[in-house]
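Here's entry05.pdb, which has PDB, C-alpha atoms:
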```
ATOM      1  CA  MET A  11     -51.964 -21.322  23.120
ATOM      2  CA  GLN A  12     -52.824 -17.921  21.638
ATOM      3  CA  ASP A  13     -56.058 -17.607  19.712
ATOM      4  CA  LEU A  14     -55.663 -16.583  16.071
ATOM      5  CA  ALA A  15     -56.872 -13.012  16.636
ATOM      6  CA  THR A  16     -54.226 -12.432  19.322
ATOM      7  CA  LYS A  17     -51.573 -14.154  17.225
ATOM      8  CA  PHE A  18     -52.389 -11.892  14.272
ATOM      9  CA  ALA A  19     -52.270  -8.774  16.443
ATOM     10  CA  ASN A  20     -48.834  -9.760  17.761
ATOM     11  CA  LEU A  21     -47.236 -10.447  14.370
ATOM     12  CA  THR A  22     -43.990  -8.593  13.623
ATOM     13  CA  ILE A  23     -41.674  -8.183  10.636
ATOM     14  CA  GLN A  24     -40.043 -11.477  11.681
ATOM     15  CA  SER A  25     -43.193 -13.334  10.649
ATOM     16  CA  ASP A  26     -42.981 -14.773   7.129
ATOM     17  CA  PHE A  27     -46.559 -13.635   6.529
ATOM     18  CA  ILE A  28     -45.904 -10.003   7.500
ATOM     19  CA  PHE A  29     -42.462  -9.902   5.899
ATOM     20  CA  LYS A  30     -43.925 -11.009   2.592
ATOM     21  CA  LYS A  31     -46.693  -8.399   2.798
ATOM     22  CA  VAL A  32     -44.326  -5.575   3.700
ATOM     23  CA  MET A  33     -41.782  -6.452   1.008
ATOM     24  CA  SER A  34     -44.614  -6.617  -1.510
ATOM     25  CA  ARG A  35     -44.685  -2.827  -1.209
ATOM     26  CA  LYS A  36     -42.409  -1.747  -4.035
ATOM     27  CA  ARG A  37     -41.041   1.404  -2.403
ATOM     28  CA  ILE A  38     -39.951  -0.519   0.717
ATOM     29  CA  CYS A  39     -38.419  -3.497  -1.070
ATOM     30  CA  LYS A  40     -36.643  -1.292  -3.630
ATOM     31  CA  HIS A  41     -35.179   0.967  -0.935
ATOM     32  CA  LEU A  42     -33.979  -2.001   1.120
ATOM     33  CA  LEU A  43     -32.111  -3.417  -1.892
ATOM     34  CA  GLU A  44     -30.637  -0.029  -2.799
ATOM     35  CA  GLU A  45     -29.391   0.585   0.736
ATOM     36  CA  LEU A  46     -28.041  -2.929   1.158
ATOM     37  CA  LEU A  47     -26.168  -3.047  -2.154
ATOM     38  CA  GLN A  48     -25.429   0.674  -2.361
ATOM     39  CA  ILE A  49     -26.788   0.930  -5.897
ATOM     40  CA  GLU A  50     -29.540   2.847  -7.654
ATOM     41  CA  ILE A  51     -32.467   0.829  -8.981
ATOM     42  CA  ALA A  52     -34.849   2.469 -11.426
ATOM     43  CA  ASP A  53     -37.647  -0.029 -10.869
ATOM     44  CA  ILE A  54     -38.407  -3.562  -9.673
ATOM     45  CA  ASN A  55     -40.952  -6.118 -10.796
ATOM     46  CA  TYR A  56     -42.314  -8.918  -8.668
ATOM     47  CA  ILE A  57     -41.833 -12.336 -10.233
ATOM     48  CA  GLU A  58     -44.167 -13.885  -7.689
ATOM     49  CA  ALA A  59     -44.329 -13.479  -3.940
ATOM     50  CA  GLU A  60     -43.832 -16.732  -2.040
ATOM     51  CA  LYS A  61     -43.343 -18.603  -5.277
ATOM     52  CA  THR A  62     -43.172 -22.384  -5.196
ATOM     53  CA  LEU A  63     -40.491 -23.766  -7.482
ATOM     54  CA  GLU A  64     -40.934 -27.399  -8.494
ATOM     55  CA  PRO A  65     -38.900 -28.255 -11.617
ATOM     56  CA  GLU A  66     -40.189 -31.845 -11.565
ATOM     57  CA  TYR A  67     -43.041 -33.561  -9.799
ATOM     58  CA  THR A  68     -40.491 -35.703  -7.960
ATOM     59  CA  SER A  69     -38.554 -32.699  -6.700
ATOM     60  CA  ARG A  70     -39.063 -31.177  -3.304
ATOM     61  CA  GLY A  71     -40.653 -27.768  -3.885
ATOM     62  CA  ILE A  72     -39.490 -24.715  -1.976
ATOM     63  CA  ARG A  73     -41.491 -21.669  -1.038
ATOM     64  CA  LEU A  74     -39.693 -18.378  -1.541
ATOM     65  CA  ASP A  75     -40.802 -15.254   0.290
ATOM     66  CA  ILE A  76     -40.024 -12.568  -2.281
ATOM     67  CA  ILE A  77     -38.523 -12.732  -5.794
ATOM     68  CA  VAL A  78     -38.017  -9.487  -7.691
ATOM     69  CA  ALA A  79     -36.153  -8.402 -10.815
ATOM     70  CA  ASP A  80     -34.787  -4.895 -11.309
ATOM     71  CA  ASP A  81     -34.584  -2.803 -14.467
ATOM     72  CA  LYS A  82     -31.264  -4.498 -15.387
ATOM     73  CA  ASN A  83     -32.826  -7.975 -15.021
ATOM     74  CA  THR A  84     -30.899  -8.793 -11.855
ATOM     75  CA  HIS A  85     -33.017 -11.217  -9.799
ATOM     76  CA  TYR A  86     -33.252 -10.992  -6.015
ATOM     77  CA  ASN A  87     -34.672 -13.508  -3.575
ATOM     78  CA  LEU A  88     -35.343 -12.132  -0.085
ATOM     79  CA  GLU A  89     -35.909 -14.514   2.827
ATOM     80  CA  MET A  90     -36.520 -13.922   6.533
ATOM     81  CA  GLN A  91     -34.795 -16.516   8.736
ATOM     82  CA  VAL A  92     -35.779 -16.577  12.403
ATOM     83  CA  LYS A  93     -34.514 -20.024  13.420
ATOM     84  CA  ASN A  94     -31.081 -21.514  12.815
ATOM     85  CA  ASN A  95     -32.428 -24.986  12.066
ATOM     86  CA  LYS A  96     -30.460 -28.224  12.160
ATOM     87  CA  ASN A  97     -30.994 -31.491  10.334
ATOM     88  CA  PRO A  98     -31.650 -33.956  13.196
ATOM     89  CA  ASP A  99     -30.253 -36.846  11.171
ATOM     90  CA  THR A 100     -26.882 -35.229  10.421
ATOM     91  CA  ASP A 101     -26.759 -32.667  13.266
ATOM     92  CA  THR A 102     -25.689 -30.004  10.754
ATOM     93  CA  TYR A 103     -27.173 -26.571  10.158
ATOM     94  CA  VAL A 104     -29.304 -26.395   7.026
ATOM     95  CA  LEU A 105     -28.797 -22.763   5.975
ATOM     96  CA  PRO A 106     -25.732 -23.254   3.701
ATOM     97  CA  LYS A 107     -27.273 -26.126   1.734
ATOM     98  CA  ARG A 108     -30.581 -24.295   1.673
ATOM     99  CA  SER A 109     -28.935 -21.316  -0.028
ATOM    100  CA  ARG A 110     -27.383 -23.656  -2.594
ATOM    101  CA  TYR A 111     -30.752 -25.311  -3.208
ATOM    102  CA  TYR A 112     -32.505 -21.965  -3.657
ATOM    103  CA  GLN A 113     -29.887 -20.813  -6.132
ATOM    104  CA  ALA A 114     -30.131 -24.027  -8.151
ATOM    105  CA  LEU A 115     -33.908 -23.933  -8.417
ATOM    106  CA  LEU A 116     -33.972 -20.250  -9.334
ATOM    107  CA  ASP A 117     -31.612 -20.990 -12.209
ATOM    108  CA  ILE A 118     -33.625 -24.029 -13.294
ATOM    109  CA  ASP A 119     -36.817 -21.974 -13.220
ATOM    110  CA  LEU A 120     -35.245 -19.413 -15.556
ATOM    111  CA  LEU A 121     -33.900 -22.109 -17.872
ATOM    112  CA  GLN A 122     -37.290 -23.776 -18.128
ATOM    113  CA  LYS A 123     -38.697 -20.506 -19.392
ATOM    114  CA  GLY A 124     -36.378 -20.809 -22.381
ATOM    115  CA  GLN A 125     -33.497 -18.716 -21.054
ATOM    116  CA  PRO A 126     -30.172 -19.938 -22.548
ATOM    117  CA  TYR A 127     -27.788 -20.847 -19.734
ATOM    118  CA  ASP A 128     -25.163 -18.360 -20.926
ATOM    119  CA  LEU A 129     -27.764 -15.576 -20.621
ATOM    120  CA  LEU A 130     -28.796 -16.389 -17.046
ATOM    121  CA  PRO A 131     -29.225 -13.078 -15.197
ATOM    122  CA  PRO A 132     -27.274 -12.023 -12.126
ATOM    123  CA  THR A 133     -28.899 -13.354  -8.951
ATOM    124  CA  PHE A 134     -28.788 -12.469  -5.270
ATOM    125  CA  ILE A 135     -29.993 -14.910  -2.620
ATOM    126  CA  ILE A 136     -30.460 -12.770   0.500
ATOM    127  CA  PHE A 137     -31.174 -14.277   3.914
ATOM    128  CA  ILE A 138     -32.165 -11.844   6.656
ATOM    129  CA  CYS A 139     -31.144 -13.759   9.786
ATOM    130  CA  VAL A 140     -31.972 -12.793  13.362
ATOM    131  CA  PHE A 141     -28.960 -14.823  14.482
ATOM    132  CA  ASP A 142     -25.248 -14.742  13.674
ATOM    133  CA  PHE A 143     -24.747 -17.931  11.675
ATOM    134  CA  PHE A 144     -20.952 -17.586  11.474
ATOM    135  CA  GLU A 145     -20.533 -15.987  14.920
ATOM    136  CA  GLN A 146     -18.076 -13.410  13.567
ATOM    137  CA  GLY A 147     -20.126 -10.329  14.401
ATOM    138  CA  ASN A 148     -20.405  -9.085  10.798
ATOM    139  CA  TYR A 149     -23.490  -7.166   9.761
ATOM    140  CA  VAL A 150     -23.297  -8.839   6.349
ATOM    141  CA  TYR A 151     -21.605 -11.972   4.998
ATOM    142  CA  THR A 152     -21.328 -11.890   1.181
ATOM    143  CA  PHE A 153     -20.315 -14.946  -0.803
ATOM    144  CA  LYS A 154     -19.109 -15.392  -4.373
ATOM    145  CA  LYS A 155     -17.115 -18.203  -5.924
ATOM    146  CA  CYS A 156     -13.366 -17.637  -5.973
ATOM    147  CA  CYS A 157     -10.233 -19.606  -6.862
ATOM    148  CA  LEU A 158      -8.630 -21.318  -3.871
ATOM    149  CA  GLU A 159      -5.173 -20.916  -5.420
ATOM    150  CA  ASN A 160      -5.720 -17.201  -6.017
ATOM    151  CA  ARG A 161      -8.320 -15.645  -3.727
ATOM    152  CA  GLU A 162      -8.470 -12.515  -5.859
ATOM    153  CA  LEU A 163      -9.588 -14.537  -8.881
ATOM    154  CA  GLU A 164     -13.378 -14.657  -8.956
ATOM    155  CA  LEU A 165     -15.586 -16.943 -11.035
ATOM    156  CA  PRO A 166     -17.873 -14.500 -12.910
ATOM    157  CA  ASP A 167     -21.047 -16.594 -12.746
ATOM    158  CA  GLU A 168     -22.895 -13.541 -11.316
ATOM    159  CA  ALA A 169     -24.416 -15.571  -8.470
ATOM    160  CA  THR A 170     -24.199 -13.963  -5.033
ATOM    161  CA  THR A 171     -25.375 -15.150  -1.635
ATOM    162  CA  MET A 172     -25.748 -12.650   1.194
ATOM    163  CA  ILE A 173     -26.417 -13.672   4.771
ATOM    164  CA  LEU A 174     -27.471 -10.656   6.805
ATOM    165  CA  ASN A 175     -26.931 -10.709  10.549
ATOM    166  CA  THR A 176     -29.327  -8.407  12.398
ATOM    167  CA  LYS A 177     -27.387  -9.104  15.600
ATOM    168  CA  GLY A 178     -24.121  -7.918  14.031
ATOM    169  CA  THR A 179     -21.750  -5.453  15.670
ATOM    170  CA  HIS A 180     -19.385  -4.361  12.914
ATOM    171  CA  GLY A 181     -19.104  -3.782   9.198
ATOM    172  CA  ASP A 182     -19.980  -1.136   6.641
ATOM    173  CA  ILE A 183     -23.755  -0.724   6.346
ATOM    174  CA  SER A 184     -25.943   2.310   5.753
ATOM    175  CA  LYS A 185     -27.941   4.097   8.417
ATOM    176  CA  ASP A 186     -31.193   2.739   7.021
ATOM    177  CA  ILE A 187     -29.942  -0.870   7.027
ATOM    178  CA  LYS A 188     -28.819  -0.479  10.646
ATOM    179  CA  SER A 189     -32.220   0.959  11.538
ATOM    180  CA  PHE A 190     -33.872  -1.930   9.703
ATOM    181  CA  TYR A 191     -31.833  -4.383  11.804
ATOM    182  CA  ASP A 192     -32.902  -2.590  14.987
ATOM    183  CA  TYR A 193     -36.510  -2.744  13.883
ATOM    184  CA  VAL A 194     -36.313  -6.469  13.095
ATOM    185  CA  ASN A 195     -34.663  -7.180  16.458
ATOM    186  CA  ASN A 196     -36.568  -4.920  18.829
ATOM    187  CA  HIS A 197     -39.374  -3.172  16.915
ATOM    188  CA  ILE A 198     -37.588   0.161  17.347
ATOM    189  CA  VAL A 199     -38.416   2.952  14.885
ATOM    190  CA  THR A 200     -35.390   5.216  14.377
ATOM    191  CA  THR A 201     -35.613   6.448  10.759
ATOM    192  CA  ASP A 202     -38.179   7.403   8.139
ATOM    193  CA  PHE A 203     -37.550   4.048   6.488
ATOM    194  CA  THR A 204     -38.474   1.996   9.549
ATOM    195  CA  LYS A 205     -41.428   4.312  10.163
ATOM    196  CA  GLN A 206     -42.685   3.412   6.678
ATOM    197  CA  ILE A 207     -42.349  -0.267   7.545
ATOM    198  CA  ASP A 208     -44.051   0.155  10.910
ATOM    199  CA  ASP A 209     -46.901   2.143   9.374
ATOM    200  CA  GLU A 210     -47.349  -0.510   6.697
ATOM    201  CA  ILE A 211     -47.636  -3.242   9.317
ATOM    202  CA  SER A 212     -50.211  -1.173  11.203
ATOM    203  CA  TYR A 213     -52.258  -0.741   8.011
ATOM    204  CA  LEU A 214     -52.028  -4.464   7.288
ATOM    205  CA  LYS A 215     -53.387  -5.345  10.715
ATOM    206  CA  LEU A 216     -56.391  -3.097  10.123
ATOM    207  CA  ASP A 217     -57.165  -4.720   6.779
ATOM    208  CA  THR A 218     -59.927  -7.306   7.216
ATOM    209  CA  LYS A 219     -58.895  -9.078   3.988
ATOM    210  CA  VAL A 220     -55.349  -9.528   5.286
ATOM    211  CA  ARG A 221     -56.689 -10.749   8.626
ATOM    212  CA  ARG A 222     -58.940 -13.276   6.875
ATOM    213  CA  GLU A 223     -56.047 -14.440   4.673
ATOM    214  CA  PHE A 224     -53.927 -15.054   7.772
ATOM    215  CA  MET A 225     -56.745 -16.967   9.484
ATOM    216  CA  LEU A 226     -57.233 -19.214   6.451
ATOM    217  CA  MET A 227     -53.500 -19.816   6.137
ATOM    218  CA  GLU A 228     -53.253 -20.785   9.816
ATOM    219  CA  ALA A 229     -56.267 -23.068   9.487
ATOM    220  CA  ARG A 230     -54.664 -24.855   6.530
ATOM    221  CA  LEU A 231     -51.374 -25.211   8.430
ATOM    222  CA  LEU A 232     -53.255 -26.620  11.430
ATOM    223  CA  ASP A 233     -55.019 -29.143   9.196
ATOM    224  CA  GLU A 234     -51.685 -30.166   7.665
ATOM    225  CA  ARG A 235     -50.090 -30.561  11.112
ATOM    226  CA  ARG A 236     -53.008 -32.647  12.354
ATOM    227  CA  GLU A 237     -52.894 -34.793   9.230
ATOM    228  CA  GLY A 238     -49.171 -35.293   9.704
ATOM    229  CA  GLU A 239     -49.658 -36.190  13.372
ATOM    230  CA  ALA A 240     -52.405 -38.679  12.442
ATOM    231  CA  VAL A 241     -50.134 -40.327   9.881
ATOM    232  CA  GLY A 242     -47.335 -40.447  12.437
ATOM    233  CA  ILE A 243     -49.585 -41.994  15.091
ATOM    234  CA  ALA A 244     -50.891 -44.607  12.642
ATOM    235  CA  LYS A 245     -47.358 -45.449  11.569
ATOM    236  CA  GLY A 246     -46.343 -45.694  15.197
ATOM    237  CA  LYS A 247     -49.169 -48.108  15.907
ATOM    238  CA  GLU A 248     -48.142 -50.242  12.943
ATOM    239  CA  ILE A 249     -44.575 -50.329  14.207
ATOM    240  CA  GLY A 250     -45.805 -51.081  17.722
ATOM    241  CA  ILE A 251     -47.948 -53.980  16.541
ATOM    242  CA  ALA A 252     -45.096 -55.412  14.492
ATOM    243  CA  GLU A 253     -42.677 -55.049  17.394
ATOM    244  CA  GLY A 254     -45.258 -56.592  19.718
ATOM    245  CA  LYS A 255     -45.599 -59.613  17.467
ATOM    246  CA  GLU A 256     -41.824 -59.999  17.337
ATOM    247  CA  ILE A 257     -41.589 -59.810  21.135
ATOM    248  CA  GLY A 258     -44.432 -62.301  21.532
ATOM    249  CA  LEU A 259     -42.803 -64.710  19.103
ATOM    250  CA  ALA A 260     -39.473 -64.432  20.907
ATOM    251  CA  GLU A 261     -41.124 -65.109  24.261
ATOM    252  CA  GLU A 262     -42.953 -68.114  22.803
ATOM    253  CA  LYS A 263     -39.655 -69.558  21.554
ATOM    254  CA  LEU A 264     -38.105 -69.167  25.008
ATOM    255  CA  ALA A 265     -41.100 -70.786  26.726
ATOM    256  CA  THR A 266     -40.993 -73.752  24.328
ATOM    257  CA  ALA A 267     -37.275 -74.208  24.894
ATOM    258  CA  LYS A 268     -37.775 -74.150  28.654
ATOM    259  CA  ARG A 269     -40.464 -76.869  28.450
ATOM    260  CA  MET A 270     -38.217 -79.022  26.288
ATOM    261  CA  LEU A 271     -35.350 -78.606  28.727
ATOM    262  CA  ALA A 272     -37.646 -79.562  31.622
ATOM    263  CA  LYS A 273     -38.559 -82.849  29.921
ATOM    264  CA  GLY A 274     -34.879 -83.743  29.744
ATOM    265  CA  CYS A 275     -35.205 -85.823  26.598
ATOM    266  CA  TYR A 276     -33.966 -83.338  24.022
ATOM    267  CA  SER A 277     -30.408 -82.384  23.251
ATOM    268  CA  LEU A 278     -29.458 -78.717  23.281
ATOM    269  CA  GLU A 279     -28.807 -78.851  19.541
ATOM    270  CA  VAL A 280     -32.302 -80.242  18.828
ATOM    271  CA  ILE A 281     -33.938 -77.593  21.016
ATOM    272  CA  ALA A 282     -32.027 -74.856  19.193
ATOM    273  CA  GLU A 283     -33.031 -76.273  15.813
ATOM    274  CA  LEU A 284     -36.758 -76.676  16.672
ATOM    275  CA  THR A 285     -37.152 -73.246  18.355
ATOM    276  CA  ASN A 286     -34.881 -71.263  15.996
ATOM    277  CA  LEU A 287     -32.929 -70.066  19.012
ATOM    278  CA  SER A 288     -29.151 -69.961  18.988
ATOM    279  CA  LEU A 289     -27.298 -72.716  20.773
ATOM    280  CA  ALA A 290     -25.830 -70.073  23.086
ATOM    281  CA  ASP A 291     -29.346 -68.939  24.075
ATOM    282  CA  VAL A 292     -30.379 -72.522  24.840
ATOM    283  CA  GLU A 293     -27.241 -73.072  26.916
ATOM    284  CA  LYS A 294     -27.979 -69.897  28.844
ATOM    285  CA  LEU A 295     -31.542 -71.098  29.555
ATOM    286  CA  LYS A 296     -30.184 -74.387  30.864
ATOM    287  CA  GLU A 297     -27.828 -72.552  33.227
ATOM    288  CA  GLU A 298     -30.669 -70.398  34.520
ATOM    289  CA  ALA A 299     -32.989 -73.382  35.059
TER     290      ALA A 299
END
```

I need this file expressed as structure tokens, please.
Amino acid sequence: MQDLATKFANLTIQSDFIFKKVMSRKRICKHLLEELLQIEIADINYIEAEKTLEPEYTSRGIRLDIIVADDKNTHYNLEMQVKNNKNPDTDTYVLPKRSRYYQALLDIDLLQKGQPYDLLPPTFIIFICVFDFFEQGNYVYTFKKCCLENRELELPDEATTMILNTKGTHGDISKDIKSFYDYVNNHIVTTDFTKQIDDEISYLKLDTKVRREFMLMEARLLDERREGEAVGIAKGKEIGIAEGKEIGLAEEKLATAKRMLAKGCYSLEVIAELTNLSLADVEKLKEEA
């Protein structure tokens, strides 16, 4: 396993830690949004990088990489997605429901701040994926709600989800977005924009405060993993002990039934009743004797 110093030195834009730091640079984040959406943005404000949204103490909180609002109060959430994760219980990919969850909690967060629901601002949930989730080859997949009976009829709730595919092969994207994709995929610098990003990452890796922050974050994650493993092991032992007792009890019942059969003075029904075995199990033991 890599030591933390080597791991830090090898971090790329695909790392959540580095992505957050790079997108915290206003000029880079603003330009990425402008190029992606083909709009002009006068200014952006950071709501809170890697914000945790927990509307209730019983709710599962989510950590968001970057949330910004532009001069027109449009809110953007930018997320780097490296793995196309599945839910092991349902064997379904989690990205679609994750986007829905993010959107819901962003809206709830705004409402809790006193925003009337009819004044909710336009929102963009943007996933930068290093895989093609839909396997259609598009550079960008943009989703809005529309009427199934009339596909041209759109529900104007001003909520948009964009799933970017850095492995895409076709679609209408700007030169800087294409260069950004190439940089995410292969660390190739082809434009001034990706040179700015690459330079920023180099500066970050020379910053001792950033290095220390990464080390502390990794240490906390390691502690959490170890704590989780310890809980899992303890739970496993509890299950093992319980299962062991059940197996021991079952074996004891079988041994008792065999002794009763050997004596030859008990009916099969009585043996089944006294040992809590089924009559079929007792009959099977008699056949095996």

Please determine, counting all atoms listed in the file, which residue among A:Leu214, A:Leu163, A:Ile77, A:Ala244 has the shortest atom-to-atom distance to Leu21 in chain A.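 Closest residue, counting all atoms listed in the file: A:Leu214.
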
If we count only C-alpha atoms, what is near Leu165 in chain A at a cut-off of 12 Å, once residues fewer than 6 positions away on the same chain are taken out, given as a list in words?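 Returned residues: Phe153, Lys154, Lys155, Cys156, Cys157 and Leu158 of chain A.
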
Find the spatial neighbours of range 215-222 of chain A, counting only C-alpha atoms, within a cut-off of 12 Å - ignore same-chain residues fewer than 6 positions away - and output them as a VMD selection string. chain A and resid 14 to 22 27 to 28 30 to 32 208 to 209 228 to 229

Specify as a PyMOL selection string each residue included when the PyMOL selection byres ((chain A and resi 29) around 12) is applied to this file. chain A and resi 21-28+30-35+38-39+59-60+74-76+88-92+138+194+207-208+210-211+214

Which is closer to Tyr149 in chain A than all the others in A:Ile135, A:Ile183, A:Leu264, A:Leu129, using all atoms listed in the file?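 Counting all atoms listed in the file, the residue closest to Tyr149 in chain A is A:Ile183.
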
Skipping near chain neighbours, those fewer than 5 positions away, what residues fall within 12 Å of Asn97 in chain A using only C-alpha atoms, listed as a CSV table (one decimal) with C-alpha atoms, in the frame of the given file?
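The file below, selection_1.csv, is the result:
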```csv
chain,number,residue,atom,x,y,z
A,102,THR,CA,-25.7,-30.0,10.8
A,103,TYR,CA,-27.2,-26.6,10.2
A,104,VAL,CA,-29.3,-26.4,7.0
A,105,LEU,CA,-28.8,-22.8,6.0
A,106,PRO,CA,-25.7,-23.3,3.7
A,107,LYS,CA,-27.3,-26.1,1.7
A,108,ARG,CA,-30.6,-24.3,1.7
```

Starting from the sparse input, extend range 255-273 of chain A to N, CA and C atoms and give the output as a tab-separated table (two decimals), in the frame of the given file.
```tsv
chain	number	residue	atom	x	y	z
A	255	LYS	N	-45.58	-58.24	18.00
A	255	LYS	CA	-45.60	-59.61	17.47
A	255	LYS	C	-44.22	-60.26	17.57
A	256	GLU	N	-43.18	-59.46	17.26
A	256	GLU	CA	-41.82	-60.00	17.34
A	256	GLU	C	-41.47	-60.38	18.77
A	257	ILE	N	-41.88	-59.53	19.73
A	257	ILE	CA	-41.59	-59.81	21.14
A	257	ILE	C	-42.35	-61.06	21.59
A	258	GLY	N	-43.62	-61.14	21.17
A	258	GLY	CA	-44.43	-62.30	21.53
A	258	GLY	C	-43.86	-63.59	20.98
A	259	LEU	N	-43.39	-63.53	19.73
A	259	LEU	CA	-42.80	-64.71	19.10
A	259	LEU	C	-41.52	-65.12	19.82
A	260	ALA	N	-40.72	-64.14	20.20
A	260	ALA	CA	-39.47	-64.43	20.91
A	260	ALA	C	-39.75	-65.07	22.26
A	261	GLU	N	-40.77	-64.55	22.96
A	261	GLU	CA	-41.12	-65.11	24.26
A	261	GLU	C	-41.66	-66.54	24.12
A	262	GLU	N	-42.42	-66.77	23.06
A	262	GLU	CA	-42.95	-68.11	22.80
A	262	GLU	C	-41.82	-69.11	22.56
A	263	LYS	N	-40.80	-68.68	21.81
A	263	LYS	CA	-39.66	-69.56	21.55
A	263	LYS	C	-38.94	-69.91	22.86
A	264	LEU	N	-38.78	-68.92	23.73
A	264	LEU	CA	-38.10	-69.17	25.01
A	264	LEU	C	-38.91	-70.13	25.88
A	265	ALA	N	-40.24	-69.92	25.91
A	265	ALA	CA	-41.10	-70.79	26.73
A	265	ALA	C	-41.05	-72.24	26.23
A	266	THR	N	-41.07	-72.41	24.91
A	266	THR	CA	-40.99	-73.75	24.33
A	266	THR	C	-39.67	-74.42	24.68
A	267	ALA	N	-38.60	-73.66	24.57
A	267	ALA	CA	-37.28	-74.21	24.89
A	267	ALA	C	-37.20	-74.62	26.36
A	268	LYS	N	-37.79	-73.81	27.23
A	268	LYS	CA	-37.78	-74.15	28.65
A	268	LYS	C	-38.53	-75.44	28.92
A	269	ARG	N	-39.68	-75.64	28.26
A	269	ARG	CA	-40.46	-76.87	28.45
A	269	ARG	C	-39.68	-78.08	27.95
A	270	MET	N	-39.01	-77.91	26.84
A	270	MET	CA	-38.22	-79.02	26.29
A	270	MET	C	-37.05	-79.37	27.21
A	271	LEU	N	-36.43	-78.35	27.78
A	271	LEU	CA	-35.35	-78.61	28.73
A	271	LEU	C	-35.86	-79.33	29.96
A	272	ALA	N	-37.06	-78.95	30.41
A	272	ALA	CA	-37.65	-79.56	31.62
A	272	ALA	C	-37.92	-81.05	31.41
A	273	LYS	N	-38.27	-81.44	30.21
A	273	LYS	CA	-38.56	-82.85	29.92
A	273	LYS	C	-37.29	-83.70	29.96
```
